[in-house]
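Peer 1: This is the structure, below, for whatever I ask next.
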Amino acid sequence: MNTPNTLQDEARTTVIIVGRVHVPAEDVWTFIAEARATSYPLAAANPGNVMISFSVEDAATGSVTVLEQWASQEALDRHVATPEITALLT
């Protein structure tokens with residue numbers, strides 16, 4: 001009898017986003033704090049969010065890595081359509 005592996009099923013994602021954001025070096029830690037304070041709760045409120053992470057890649061150059069996992073394109077579209085994310089992206 002084949003039973004689905006629930007943990008594996010939950011870990012599968014349809015959409016994975018990896019990006020790099022560059023901010024002024026003197027603002028990198030402020031950017032990280034603000035991104036975590038706003039993006040984490042917004043993403044977590046969307047049931048299709050699997051994971052979101054902001055991490056400093058190189059503080060001296062202001063390079064920040066962004067990782068996101070979404071259960072579906074529709075979940076990502078809902079997230080991007082929120083007023084807060086729309087404002088961030090424009």
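All residue names refer to the structure tokens as shown: chains lettered A, B, ... in order, residues numbered from 1 in each chain, ligands numbered from 1 in order.
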For the structure I just gave you, how does DSSP split chain A - specifically, which residues are helix (DSSP H, G or I)? Reply as a PyMOL selection string.
Peer 2: chain A and resi 6-11+25-44+73-81+83-89
Peer 1: Select, from A:Ala44, A:Ala59, A:Ile52, A:Val64, the residue with the minimum atom-to-atom distance to Gly19 (chain A), counting only C-alpha atoms.
Peer 2: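 Counting only C-alpha atoms, the residue closest to Gly19 (chain A) is A:Val64.
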Peer 1: Identify all residues of chain A in strand (DSSP E) (DSSP on the backbone) and supply them as a ChimeraX atom specification.
Peer 2: /A:15-22,49-58,63-70
Peer 1: Can I get the selection written as a PDB file, in the first residue's frame, with C-alpha atoms?
Peer 2:
```pdb
ATOM      1  CA  VAL A  15       7.565  28.209  -7.274  1.00  0.00           C
ATOM      2  CA  ILE A  16      11.013  28.967  -5.892  1.00  0.00           C
ATOM      3  CA  ILE A  17      12.390  32.490  -6.090  1.00  0.00           C
ATOM      4  CA  VAL A  18      16.029  33.331  -5.463  1.00  0.00           C
ATOM      5  CA  GLY A  19      17.243  36.865  -5.862  1.00  0.00           C
ATOM      6  CA  ARG A  20      19.839  39.360  -4.854  1.00  0.00           C
ATOM      7  CA  VAL A  21      18.995  42.878  -3.698  1.00  0.00           C
ATOM      8  CA  HIS A  22      21.592  45.629  -3.489  1.00  0.00           C
ATOM      9  CA  ASN A  49       3.913  30.453   1.598  1.00  0.00           C
ATOM     10  CA  VAL A  50       6.355  27.686   2.423  1.00  0.00           C
ATOM     11  CA  MET A  51       9.401  29.809   3.263  1.00  0.00           C
ATOM     12  CA  ILE A  52      10.775  33.343   2.935  1.00  0.00           C
ATOM     13  CA  SER A  53      14.222  34.476   3.997  1.00  0.00           C
ATOM     14  CA  PHE A  54      16.389  37.585   3.769  1.00  0.00           C
ATOM     15  CA  SER A  55      20.080  37.260   4.591  1.00  0.00           C
ATOM     16  CA  VAL A  56      23.100  39.490   4.204  1.00  0.00           C
ATOM     17  CA  GLU A  57      25.397  38.091   1.566  1.00  0.00           C
ATOM     18  CA  ASP A  58      28.018  40.860   1.757  1.00  0.00           C
ATOM     19  CA  SER A  63      24.251  42.575  -1.104  1.00  0.00           C
ATOM     20  CA  VAL A  64      21.233  40.732   0.327  1.00  0.00           C
ATOM     21  CA  THR A  65      19.990  37.297  -0.733  1.00  0.00           C
ATOM     22  CA  VAL A  66      16.242  36.701  -0.867  1.00  0.00           C
ATOM     23  CA  LEU A  67      14.799  33.174  -0.912  1.00  0.00           C
ATOM     24  CA  GLU A  68      11.113  32.346  -1.246  1.00  0.00           C
ATOM     25  CA  GLN A  69       9.156  29.124  -1.690  1.00  0.00           C
ATOM     26  CA  TRP A  70       5.486  29.125  -2.674  1.00  0.00           C
TER      27      TRP A  70
END
```
Peer 1: To one decimal in Å, tell me the separation between CA of Ala37 (chain A) and CA of Val23 (chain A).
Peer 2: 17.0 Å
Peer 1: Report, in Å to a single decimal, how far apart CA of Leu89 (chain A) and CA of Asn46 (chain A) are.
Peer 2: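 Going from CA of Asn46 (chain A) over to CA of Leu89 (chain A) covers 17.7 Å.
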Peer 1: One decimal, in Å: what's the spacing between CA of Ala71 (chain A) and CA of Ala87 (chain A)?
Peer 2: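 Between these atoms lies a distance of 23.1 Å.
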Peer 1: Just checking: using only C-alpha atoms, which residue out of A:Ala60, A:Val80, A:Leu88, A:Ala75 ends up closest to Val28 (chain A)?
Peer 2: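 So, comparing all the options, the nearest one is A:Ala60.
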